[in-house]
$ cat work15.txt   # compact mmCIF, C-alpha atoms
# COMPACT_ATOMS: atom_id res chain seq x y z
CA MET A 1 0.00 0.00 0.00
CA THR A 2 1.37 3.41 -0.99
CA ALA A 3 1.86 5.78 1.93
CA ALA A 4 -0.15 8.99 1.99
CA PRO A 5 1.92 11.95 0.77
CA THR A 6 3.43 14.21 3.40
CA VAL A 7 4.78 16.69 0.85
CA ALA A 8 3.10 18.44 -2.06
CA VAL A 9 5.37 19.57 -4.88
CA VAL A 10 4.13 22.23 -7.28
CA GLY A 11 5.58 21.58 -10.73
CA ALA A 12 7.00 18.59 -12.60
CA GLY A 13 9.74 20.22 -14.62
CA ALA A 14 13.41 19.84 -13.80
CA ALA A 15 13.05 21.32 -10.31
CA GLY A 16 9.93 19.34 -9.42
CA LEU A 17 11.32 16.06 -10.71
CA ALA A 18 14.61 16.56 -8.86
CA THR A 19 12.61 17.23 -5.70
CA LEU A 20 10.53 14.09 -6.13
CA LYS A 21 13.69 12.05 -6.69
CA ALA A 22 15.39 13.42 -3.56
CA LEU A 23 12.26 12.87 -1.46
CA ALA A 24 11.92 9.29 -2.71
CA ASP A 25 15.58 8.63 -1.90
CA ALA A 26 14.94 9.90 1.63
CA GLY A 27 11.80 7.81 2.06
CA VAL A 28 9.46 10.81 2.17
CA PRO A 29 6.16 10.18 0.32
CA ALA A 30 5.18 13.04 -1.98
CA VAL A 31 2.73 14.09 -4.67
CA ALA A 32 3.40 16.60 -7.44
CA PHE A 33 0.96 18.69 -9.45
CA ASP A 34 1.57 20.00 -12.96
CA SER A 35 -0.81 21.68 -15.39
CA ALA A 36 0.76 20.03 -18.46
CA ASP A 37 -0.06 16.58 -19.81
CA THR A 38 3.52 15.38 -19.50
CA VAL A 39 6.56 16.00 -17.32
CA GLY A 40 9.41 18.27 -18.37
CA GLY A 41 8.14 21.77 -17.72
CA LEU A 42 9.32 24.60 -19.94
CA TRP A 43 11.44 22.25 -22.07
CA VAL A 44 8.33 20.63 -23.54
CA TYR A 45 7.57 22.47 -26.77
CA GLY A 46 3.89 23.41 -26.89
CA ALA A 47 3.15 22.66 -23.23
CA PRO A 48 1.05 25.22 -21.29
CA ASP A 49 3.17 28.26 -20.34
CA SER A 50 6.25 26.80 -22.03
CA PRO A 51 8.37 29.44 -23.79
CA ALA A 52 10.22 26.83 -25.87
CA TYR A 53 10.72 27.60 -29.55
CA ARG A 54 11.79 25.22 -32.29
CA THR A 55 15.38 26.49 -32.52
CA LEU A 56 15.92 26.45 -28.74
CA HIS A 57 19.11 24.78 -27.47
CA LEU A 58 20.85 24.66 -24.13
CA ASN A 59 23.04 27.69 -23.52
CA THR A 60 25.05 25.77 -20.93
CA SER A 61 27.04 22.75 -22.00
CA ARG A 62 25.85 19.18 -21.55
CA GLY A 63 28.50 18.30 -18.96
CA ARG A 64 27.65 21.36 -16.86
CA THR A 65 23.88 20.85 -17.15
CA GLU A 66 23.22 17.17 -16.44
CA PHE A 67 22.03 15.84 -13.11
CA ALA A 68 24.77 14.15 -11.09
CA ASP A 69 22.81 10.90 -10.86
CA HIS A 70 21.55 10.89 -14.47
CA PRO A 71 24.27 11.84 -17.00
CA MET A 72 23.28 12.94 -20.46
CA PRO A 73 24.37 10.51 -23.21
CA ALA A 74 28.04 10.98 -24.09
CA HIS A 75 27.31 10.93 -27.84
CA TRP A 76 25.03 13.97 -27.60
CA PRO A 77 26.25 17.34 -28.86
CA ASP A 78 27.64 19.75 -26.30
CA TYR A 79 24.54 21.94 -26.59
CA PRO A 80 21.47 19.71 -27.08
CA ASP A 81 18.19 21.07 -28.43
CA HIS A 82 14.93 21.27 -26.49
CA ARG A 83 13.67 17.93 -27.82
CA ARG A 84 16.64 16.10 -26.38
CA VAL A 85 16.38 17.95 -23.07
CA ALA A 86 12.65 17.23 -22.77
CA GLY A 87 13.35 13.56 -23.52
CA TYR A 88 16.15 13.55 -20.97
CA LEU A 89 13.76 14.77 -18.26
CA ALA A 90 11.17 12.19 -19.30
CA ASP A 91 13.83 9.45 -19.08
CA TYR A 92 14.81 10.76 -15.64
CA ALA A 93 11.21 10.42 -14.47
CA ASP A 94 10.99 6.89 -15.88
CA ARG A 95 14.36 5.70 -14.58
CA PHE A 96 13.56 6.67 -11.00
CA GLY A 97 9.85 5.82 -11.04
CA LEU A 98 8.66 9.38 -10.50
CA ARG A 99 5.63 9.46 -12.79
CA GLU A 100 3.34 7.65 -10.37
CA ALA A 101 3.76 10.55 -7.93
CA VAL A 102 2.80 13.20 -10.51
CA ARG A 103 -0.74 14.36 -11.10
CA LEU A 104 -0.72 15.80 -14.60
CA ARG A 105 -3.30 18.26 -15.92
CA HIS A 106 -3.70 19.57 -12.37
CA THR A 107 -3.40 23.32 -11.95
CA VAL A 108 -2.65 24.57 -8.44
CA HIS A 109 -4.60 27.73 -7.65
CA ARG A 110 -3.85 28.27 -4.00
CA VAL A 111 -1.58 27.03 -1.23
CA GLU A 112 -2.53 28.13 2.28
CA ARG A 113 -1.43 27.53 5.85
CA VAL A 114 -3.99 25.61 7.86
CA ASP A 115 -3.53 24.48 11.48
CA GLY A 116 0.25 24.27 11.30
CA GLY A 117 0.22 22.49 7.96
CA TRP A 118 -0.58 23.30 4.36
CA THR A 119 -3.58 22.85 2.10
CA VAL A 120 -3.14 22.70 -1.66
CA HIS A 121 -6.13 23.61 -3.82
CA ALA A 122 -5.97 22.46 -7.42
CA THR A 123 -8.24 21.73 -10.35
CA GLY A 124 -7.82 18.52 -12.31
CA PRO A 125 -9.66 16.73 -15.13
CA ASP A 126 -12.29 15.52 -12.65
CA GLY A 127 -12.78 18.82 -10.85
CA PRO A 128 -11.43 20.44 -7.68
CA VAL A 129 -8.76 18.66 -5.65
CA ARG A 130 -7.69 19.40 -2.08
CA VAL A 131 -4.63 17.90 -0.41
CA ASP A 132 -3.58 18.51 3.20
CA VAL A 133 0.12 18.03 3.90
CA PRO A 134 2.72 19.11 6.48
CA ALA A 135 5.00 20.59 3.81
CA VAL A 136 4.90 22.20 0.37
CA VAL A 137 7.72 22.68 -2.15
CA VAL A 138 7.16 25.35 -4.81
CA ALA A 139 9.12 24.16 -7.85
CA ASN A 140 7.23 25.54 -10.83
CA GLY A 141 9.80 28.04 -12.10
CA HIS A 142 9.51 31.75 -12.72
CA ASN A 143 9.42 32.11 -16.51
CA ARG A 144 5.67 32.21 -16.93
CA VAL A 145 4.53 35.85 -16.69
CA PRO A 146 6.02 37.96 -19.51
CA ARG A 147 7.43 41.32 -18.51
CA LEU A 148 6.58 43.99 -21.04
CA PRO A 149 8.49 47.28 -21.06
CA ALA A 150 7.10 50.55 -19.82
CA ALA A 151 5.27 52.56 -22.46
CA TYR A 152 7.42 54.54 -24.86
CA PRO A 153 6.44 57.97 -26.21
CA GLY A 154 4.28 57.80 -29.31
CA GLU A 155 2.20 54.96 -30.69
CA CYS A 156 3.50 51.71 -32.19
CA THR A 157 1.28 50.33 -34.95
CA ALA A 158 3.61 47.46 -35.80
CA GLU A 159 2.64 44.02 -34.53
CA GLN A 160 4.10 43.22 -31.12
CA LEU A 161 5.10 39.85 -29.71
CA HIS A 162 6.76 38.80 -26.48
CA SER A 163 9.43 36.12 -26.78
CA HIS A 164 7.26 33.91 -24.56
CA ASP A 165 4.93 33.50 -27.56
CA TYR A 166 7.65 32.98 -30.16
CA ARG A 167 7.64 29.49 -31.65
CA GLY A 168 9.64 29.61 -34.87
CA PRO A 169 11.11 31.60 -37.77
CA GLU A 170 7.90 31.45 -39.81
CA GLN A 171 6.54 34.18 -37.50
CA LEU A 172 9.33 36.44 -38.77
CA ALA A 173 9.36 35.56 -42.46
CA GLY A 174 9.31 38.45 -44.92
CA ARG A 175 8.99 41.10 -42.22
CA ARG A 176 11.05 44.00 -40.93
CA VAL A 177 11.75 42.78 -37.42
CA LEU A 178 12.94 44.68 -34.36
CA VAL A 179 14.19 42.43 -31.56
CA VAL A 180 14.49 44.20 -28.20
CA GLY A 181 16.67 42.74 -25.45
CA GLY A 182 20.10 41.38 -24.67
CA GLY A 183 19.46 37.92 -23.24
CA ASN A 184 19.83 34.50 -24.77
CA SER A 185 16.33 34.47 -26.27
CA ALA A 186 16.93 37.85 -27.92
CA MET A 187 20.13 36.61 -29.54
CA ASP A 188 18.49 33.37 -30.71
CA ILE A 189 15.49 35.17 -32.19
CA ALA A 190 17.64 37.84 -33.86
CA VAL A 191 19.69 35.09 -35.53
CA ASP A 192 16.50 33.30 -36.62
CA ALA A 193 15.17 36.58 -38.02
CA SER A 194 18.39 37.22 -39.94
CA TYR A 195 17.62 34.17 -42.08
CA ALA A 196 13.83 34.61 -42.39
CA ALA A 197 13.04 38.31 -42.15
CA THR A 198 13.45 41.04 -44.74
CA ARG A 199 15.49 43.05 -42.26
CA THR A 200 16.55 42.46 -38.65
CA LEU A 201 17.31 45.12 -36.06
CA LEU A 202 18.53 44.32 -32.54
CA SER A 203 18.00 47.02 -29.91
CA LEU A 204 19.90 46.95 -26.61
CA ARG A 205 19.39 49.64 -24.01
CA ARG A 206 22.48 48.55 -22.11
CA GLY A 207 25.48 46.46 -22.99
CA VAL A 208 25.90 42.74 -22.34
CA TRP A 209 28.85 40.41 -22.72
CA VAL A 210 28.23 38.11 -25.68
CA VAL A 211 30.15 34.88 -25.21
CA PRO A 212 30.66 32.31 -27.99
CA LYS A 213 29.69 28.79 -27.01
CA TYR A 214 33.23 27.59 -27.66
CA LEU A 215 36.50 29.13 -26.49
CA LEU A 216 39.88 27.53 -27.09
CA GLY A 217 38.13 24.54 -28.63
CA ARG A 218 36.04 23.76 -25.54
CA PRO A 219 32.55 24.70 -24.34
CA SER A 220 33.09 28.15 -22.87
CA ASP A 221 31.40 27.45 -19.54
CA THR A 222 33.82 24.60 -18.81
CA LEU A 223 36.73 27.06 -18.78
CA ASN A 224 35.15 29.26 -16.15
CA GLY A 225 34.14 26.17 -14.19
CA ALA A 226 37.75 25.01 -14.04
CA LEU A 227 38.79 28.44 -12.74
CA ALA A 228 35.95 28.53 -10.21
CA ARG A 229 37.34 25.61 -8.26
CA ARG A 230 40.50 27.56 -7.51
CA LEU A 231 39.90 31.31 -7.76
CA PRO A 232 37.54 33.96 -6.33
CA TRP A 233 35.09 35.48 -8.77
CA ARG A 234 36.93 38.80 -9.08
CA VAL A 235 40.04 37.00 -10.33
CA ARG A 236 37.94 34.80 -12.61
CA GLN A 237 36.32 37.94 -13.95
CA ARG A 238 39.63 39.46 -15.02
CA ILE A 239 40.85 36.24 -16.62
CA SER A 240 37.57 35.48 -18.42
CA GLN A 241 37.08 39.05 -19.59
CA ALA A 242 40.61 39.18 -20.97
CA MET A 243 40.06 35.87 -22.77
CA ILE A 244 36.78 37.01 -24.36
CA THR A 245 38.22 40.37 -25.37
CA ALA A 246 41.25 38.70 -26.93
CA THR A 247 39.25 36.11 -28.87
CA VAL A 248 36.12 37.96 -30.06
CA GLY A 249 36.62 41.53 -28.86
CA ARG A 250 34.36 43.82 -26.89
CA PRO A 251 30.70 44.10 -27.95
CA GLY A 252 31.32 47.65 -29.20
CA ARG A 253 33.37 46.18 -32.01
CA TYR A 254 30.13 44.76 -33.44
CA GLY A 255 28.05 47.91 -33.02
CA LEU A 256 26.56 46.77 -29.70
CA PRO A 257 26.82 48.96 -26.60
CA ASP A 258 29.77 48.05 -24.43
CA PRO A 259 28.75 46.72 -20.98
CA ALA A 260 29.03 49.10 -18.05
CA HIS A 261 29.48 46.08 -15.78
CA GLY A 262 32.28 43.55 -15.75
CA PHE A 263 31.97 39.98 -16.96
CA LEU A 264 30.35 37.63 -14.39
CA GLN A 265 28.30 40.53 -12.99
CA ASP A 266 25.20 39.64 -14.96
CA HIS A 267 23.78 36.51 -16.55
CA PRO A 268 26.03 35.65 -19.49
CA THR A 269 24.59 35.80 -23.00
CA LEU A 270 25.85 32.94 -25.14
CA SER A 271 25.60 32.92 -28.91
CA ASP A 272 27.74 31.52 -31.68
CA GLY A 273 25.64 32.99 -34.45
CA LEU A 274 24.95 36.58 -33.44
CA LEU A 275 28.42 38.07 -33.83
CA SER A 276 28.80 36.50 -37.26
CA ARG A 277 25.41 37.80 -38.41
CA LEU A 278 26.30 41.28 -37.13
CA THR A 279 29.61 41.33 -39.00
CA HIS A 280 27.84 40.31 -42.21
CA GLY A 281 25.15 42.98 -41.81
CA ASP A 282 22.35 40.44 -41.54
CA VAL A 283 21.58 41.76 -38.03
CA GLU A 284 21.89 45.52 -37.47
CA ALA A 285 22.60 46.76 -33.96
CA ARG A 286 20.67 49.67 -32.51
CA PRO A 287 20.72 51.40 -29.11
CA GLY A 288 17.64 51.83 -26.90
CA ILE A 289 14.28 53.01 -28.21
CA ALA A 290 13.43 56.71 -27.88
CA ARG A 291 9.89 56.73 -29.33
CA PHE A 292 7.49 55.19 -31.80
CA ALA A 293 5.59 56.89 -34.62
CA GLY A 294 3.23 54.39 -36.23
CA ASN A 295 5.40 51.80 -37.95
CA ARG A 296 8.55 53.86 -37.44
CA VAL A 297 10.85 53.64 -34.45
CA GLU A 298 13.35 56.26 -33.37
CA PHE A 299 16.38 55.21 -31.35
CA THR A 300 18.31 57.17 -28.75
CA ASP A 301 21.06 57.96 -31.27
CA GLY A 302 18.55 59.69 -33.57
CA ARG A 303 18.31 56.97 -36.24
CA THR A 304 14.85 55.91 -37.40
CA ASP A 305 13.68 52.72 -39.12
CA GLU A 306 10.45 51.27 -40.43
CA ILE A 307 9.35 48.01 -38.84
CA ASP A 308 6.53 45.48 -39.14
CA LEU A 309 7.09 43.46 -35.97
CA VAL A 310 8.55 44.10 -32.52
CA VAL A 311 9.69 41.05 -30.55
CA TRP A 312 10.05 42.01 -26.89
CA CYS A 313 12.71 39.81 -25.27
CA THR A 314 12.33 41.61 -21.99
CA GLY A 315 12.17 38.71 -19.56
CA TYR A 316 9.62 37.75 -16.97
CA ARG A 317 8.03 39.01 -13.81
CA VAL A 318 8.62 36.76 -10.82
CA GLU A 319 5.16 36.05 -9.47
CA ILE A 320 3.81 33.25 -7.29
CA PRO A 321 0.06 33.96 -7.18
CA LEU A 322 -0.74 30.66 -5.50
CA LEU A 323 0.77 31.96 -2.23
CA ALA A 324 -0.83 34.62 -0.03
CA PRO A 325 0.86 38.06 -0.28
CA GLU A 326 1.88 37.98 3.39
CA LEU A 327 4.07 34.95 2.65
CA LEU A 328 5.90 36.82 -0.12
CA GLY A 329 6.73 40.03 1.74
CA ASP A 330 8.06 42.62 -0.72
CA GLY A 331 7.65 40.23 -3.63
CA ALA A 332 8.73 36.79 -4.79
CA ASP A 333 11.93 38.20 -6.28
CA ARG A 334 12.85 39.83 -2.95
CA LEU A 335 11.96 36.97 -0.66
CA PRO A 336 14.75 36.14 1.83
CA LEU A 337 15.20 32.37 1.79
CA TYR A 338 17.77 30.43 3.77
CA ARG A 339 20.23 29.12 1.18
CA HIS A 340 17.67 30.28 -1.43
CA VAL A 341 15.44 27.39 -0.34
CA PHE A 342 13.68 27.71 3.03
CA HIS A 343 11.14 30.34 4.06
CA LEU A 344 12.31 31.96 7.29
CA ASP A 345 8.87 32.35 8.88
CA ALA A 346 6.70 29.63 7.37
CA PRO A 347 7.79 26.17 8.54
CA GLY A 348 7.15 23.53 5.92
CA LEU A 349 7.39 25.92 2.96
CA ALA A 350 10.39 25.53 0.64
CA PHE A 351 11.33 26.61 -2.87
CA VAL A 352 13.40 24.75 -5.43
CA GLY A 353 14.53 26.75 -8.44
CA LEU A 354 13.62 30.26 -7.26
CA MET A 355 17.00 31.69 -8.28
CA GLN A 356 18.96 33.06 -11.23
CA SER A 357 22.22 31.24 -11.82
CA THR A 358 25.32 32.17 -13.80
CA GLY A 359 25.16 28.62 -15.17
CA SER A 360 22.72 25.77 -15.51
CA ALA A 361 19.85 25.28 -13.10
CA PHE A 362 19.73 21.47 -13.17
CA PRO A 363 22.63 20.64 -10.80
CA LEU A 364 21.54 23.43 -8.47
CA VAL A 365 17.93 22.28 -8.14
CA GLU A 366 19.23 18.76 -7.60
CA ALA A 367 21.36 20.01 -4.68
CA GLN A 368 18.55 22.18 -3.31
CA ALA A 369 16.22 19.19 -3.41
CA ARG A 370 18.62 17.17 -1.28
CA LEU A 371 18.44 19.85 1.41
CA VAL A 372 14.65 19.82 1.30
CA ALA A 373 14.53 16.02 1.49
CA GLY A 374 17.00 15.96 4.39
CA ARG A 375 14.96 18.53 6.28
CA LEU A 376 11.71 16.63 5.82
CA ALA A 377 13.30 13.26 6.61
CA GLY A 378 14.91 14.65 9.76
CA THR A 379 18.48 13.98 8.63
CA TRP A 380 19.33 17.65 8.03
CA THR A 381 18.68 20.51 10.44
CA PRO A 382 19.06 24.23 9.70
CA PRO A 383 20.62 26.64 12.18
CA ASP A 384 18.31 28.73 14.36
CA ARG A 385 16.18 31.43 12.81
CA ASP A 386 18.53 34.30 13.74
CA ARG A 387 21.48 32.60 12.07
CA GLN A 388 19.39 31.87 8.99
CA ALA A 389 18.38 35.53 8.76
CA ALA A 390 21.97 36.66 9.24
CA ALA A 391 23.08 34.34 6.42
CA CYS A 392 20.40 35.82 4.15
CA ARG A 393 21.57 39.36 4.90
CA ALA A 394 25.20 38.47 4.26
CA GLU A 395 24.32 36.80 0.95
CA LEU A 396 22.26 39.82 -0.09
CA ARG A 397 25.11 42.23 0.66
CA ALA A 398 27.53 40.16 -1.40
CA ALA A 399 25.05 39.76 -4.25
CA THR A 400 24.24 43.48 -4.32
CA ALA A 401 27.95 44.31 -4.42
CA ARG A 402 28.35 42.02 -7.42
CA TRP A 403 25.09 42.36 -9.34
CA GLY A 404 23.71 45.68 -8.14
CA GLN A 405 19.93 45.93 -8.04
CA ARG A 406 19.33 43.32 -10.74
CA ARG A 407 17.42 40.86 -8.50
CA PRO A 408 20.21 40.37 -5.96
CA HIS A 409 17.98 38.21 -3.72
CA MET A 410 17.82 35.59 -6.50
CA ARG A 411 21.34 35.71 -7.90
CA VAL A 412 23.76 32.85 -7.38
CA ASP A 413 27.17 32.03 -8.79
CA PHE A 414 26.79 28.51 -10.19
CA ASP A 415 30.04 27.00 -8.92
CA ALA A 416 30.21 28.86 -5.61
CA TYR A 417 26.57 28.11 -4.79
CA LEU A 418 26.87 24.43 -5.69
CA ALA A 419 29.87 24.15 -3.37
CA GLU A 420 28.01 26.05 -0.65
CA LEU A 421 25.03 23.67 -0.85
CA GLY A 422 27.40 20.74 -0.43
CA ARG A 423 28.90 22.29 2.70
CA GLU A 424 25.44 23.16 4.01
CA LEU A 425 24.22 19.60 3.55
CA ALA A 426 27.17 18.26 5.56
CA ALA A 427 26.81 20.90 8.28
CA GLY A 428 23.08 20.31 8.63
CA ARG A 429 23.61 16.57 8.96
CA ARG A 430 26.02 17.21 11.81
CA ARG A 431 23.49 19.52 13.46
CA ALA A 432 20.82 16.86 13.14
CA GLN A 433 22.95 14.42 15.11
CA VAL A 434 23.26 16.76 18.10
CA PRO A 435 20.62 15.97 20.78
CA ALA A 436 18.05 18.74 21.19

$ encode --input "work15.txt" --output "structure tokens"
Amino acid sequence: MTAAPTVAVVGAGAAGLATLKALADAGVPAVAFDSADTVGGLWVYGAPDSPAYRTLHLNTSRGRTEFADHPMPAHWPDYPDHRRVAGYLADYADRFGLREAVRLRHTVHRVERVDGGWTVHATGPDGPVRVDVPAVVVANGHNRVPRLPAAYPGECTAEQLHSHDYRGPEQLAGRRVLVVGGGNSAMDIAVDASYAATRTLLSLRRGVWVVPKYLLGRPSDTLNGALARRLPWRVRQRISQAMITATVGRPGRYGLPDPAHGFLQDHPTLSDGLLSRLTHGDVEARPGIARFAGNRVEFTDGRTDEIDLVVWCTGYRVEIPLLAPELLGDGADRLPLYRHVFHLDAPGLAFVGLMQSTGSAFPLVEAQARLVAGRLAGTWTPPDRDRQAAACRAELRAATARWGQRRPHMRVDFDAYLAELGRELAAGRRRAQVPA
């Protein structure tokens, strides 16, 4: 007979599946809810709320993305496409018997505290569902609510599309396309447009470091990873920045604005194709937008261009509407969480994946999940509340010094944070062995 779940997990993407796996390893019965009809989350092309597009590939290398206990096939390319990644997550669920714990086509509407525990309210194919559990893990990601820019002067009569709704180059074919943004999606879509559109403009309000996916014949993130095991981030920054500048040059060389921040002080933007398309004139760089006038756009340098389509690659708002506002304080992207996992004032509430990493998320959510499982199995104990709060403040100060006001509560350095979670797991296990 299957034990009744003591944990409810919201989401069955990478973070939710890693959480289910860690809980099962620890002997903690759990149930997960996901609105899609299959596991895999945002990597499943066409799934509800998935931003996946047909040309989407990993922007972190295979060896730096795979779960520790489920390696990606060695014959795969270094940067697999979304179909392979979605299949990899499905295989992960099958290998570890996770599917039987997942309730698909179940949308969670509300999670509330009730009598020292938690009640999850969801709607499934057969109607409303209510589950009462001692603990809840929110693991449904934060790339669901598109963030549109503030209004610009004038009126834009060109069609507008957020990258969340982009699916493939046919949406760009034969059009004069303006792509706005400096992240990985913006670079991918600009490259797609350069082959399909009549003309492609790329507008960046501020500079970003554009990193090729290969440096010195190796996936570029493996070089920084090797340095991370030995050097502090400031030293890594100088070495990495010098290497990028020597190999491809500063972004200004390609008509892009030069970054005001140093390398490793924002999420890296990886693209093999963009710099080549810029140098061939197939993508034209532009600064920020000043105003619109019908189907014309004026940029801050005074240039104007006619456009048919604006693709806003402006990211996402971090919202968790299923939790009461009092649990989120100043907002989900400002929520102090011990080790970016545990709510300080709501016992039994944890988050897996509520972070922005300089590298892949998969190994990090796997490590976060082990902390959650240890806590719920009683094999890992956190420090007292004051020490947890002090750790949050110290992390915020360090993150603000490095990343400024660009979501410092959520920012983590991939290698440093992964090492920190390993130390935390060991320390918490020692604390758990000390008699109360």

$ closest_residue --input "work15.txt" --among "A:Arg370, A:Arg110, A:Arg393, A:Arg291" --to "Glu155 in chain A" --atoms "all atoms listed in the file"
A:Arg291

$ closest_residue --input "work15.txt" --among "A:Ala427, A:Ile307, A:Leu337, A:Ala399" --to "Thr200 in chain A" --atoms "only C-alpha atoms"
A:Ile307

$ residues_around --input "work15.txt" --residues "Val352 in chain A" --least-positions-apart "5" --cutoff "6 Å" --atoms "all atoms listed in the file" --output "PyMOL selection string"
chain A and resi 15+139+365

$ axis_aligned_box --input "work15.txt" --around "range 287-306 of chain A" --padding-each-side "3 Å" --output "JSON"
{"center_x": 12.1, "center_y": 55.5, "center_z": -33.7, "size_x": 23.8, "size_y": 14.4, "size_z": 19.5}

$ closest_residue --input "work15.txt" --among "A:Met355, A:Leu204, A:Leu418, A:Val10" --to "His267 in chain A" --atoms "only C-alpha atoms"
A:Met355

$ closest_residue --input "work15.txt" --among "A:Pro125, A:Gly174, A:Thr314, A:Val434" --to "Thr379 in chain A" --atoms "all atoms listed in the file"
A:Val434

$ decode --input "work15.txt" --residues "range 233-264 of chain A" --atoms "C-alpha atoms" --output "PDB file, in the first residue's frame"
ATOM      1  CA  TRP A 233      35.089  35.481  -8.775  1.00  0.00           C
ATOM      2  CA  ARG A 234      36.932  38.797  -9.084  1.00  0.00           C
ATOM      3  CA  VAL A 235      40.042  37.001 -10.333  1.00  0.00           C
ATOM      4  CA  ARG A 236      37.938  34.795 -12.611  1.00  0.00           C
ATOM      5  CA  GLN A 237      36.316  37.940 -13.950  1.00  0.00           C
ATOM      6  CA  ARG A 238      39.627  39.462 -15.017  1.00  0.00           C
ATOM      7  CA  ILE A 239      40.846  36.240 -16.624  1.00  0.00           C
ATOM      8  CA  SER A 240      37.565  35.476 -18.417  1.00  0.00           C
ATOM      9  CA  GLN A 241      37.081  39.047 -19.593  1.00  0.00           C
ATOM     10  CA  ALA A 242      40.606  39.185 -20.966  1.00  0.00           C
ATOM     11  CA  MET A 243      40.060  35.867 -22.767  1.00  0.00           C
ATOM     12  CA  ILE A 244      36.778  37.012 -24.357  1.00  0.00           C
ATOM     13  CA  THR A 245      38.220  40.366 -25.374  1.00  0.00           C
ATOM     14  CA  ALA A 246      41.250  38.703 -26.925  1.00  0.00           C
ATOM     15  CA  THR A 247      39.249  36.113 -28.867  1.00  0.00           C
ATOM     16  CA  VAL A 248      36.119  37.963 -30.064  1.00  0.00           C
ATOM     17  CA  GLY A 249      36.618  41.533 -28.864  1.00  0.00           C
ATOM     18  CA  ARG A 250      34.358  43.816 -26.885  1.00  0.00           C
ATOM     19  CA  PRO A 251      30.696  44.099 -27.948  1.00  0.00           C
ATOM     20  CA  GLY A 252      31.315  47.647 -29.196  1.00  0.00           C
ATOM     21  CA  ARG A 253      33.374  46.177 -32.014  1.00  0.00           C
ATOM     22  CA  TYR A 254      30.130  44.757 -33.437  1.00  0.00           C
ATOM     23  CA  GLY A 255      28.054  47.909 -33.024  1.00  0.00           C
ATOM     24  CA  LEU A 256      26.562  46.773 -29.703  1.00  0.00           C
ATOM     25  CA  PRO A 257      26.816  48.958 -26.596  1.00  0.00           C
ATOM     26  CA  ASP A 258      29.774  48.054 -24.426  1.00  0.00           C
ATOM     27  CA  PRO A 259      28.745  46.722 -20.982  1.00  0.00           C
ATOM     28  CA  ALA A 260      29.029  49.102 -18.053  1.00  0.00           C
ATOM     29  CA  HIS A 261      29.485  46.082 -15.781  1.00  0.00           C
ATOM     30  CA  GLY A 262      32.282  43.551 -15.751  1.00  0.00           C
ATOM     31  CA  PHE A 263      31.973  39.980 -16.957  1.00  0.00           C
ATOM     32  CA  LEU A 264      30.355  37.631 -14.388  1.00  0.00           C
TER      33      LEU A 264
END
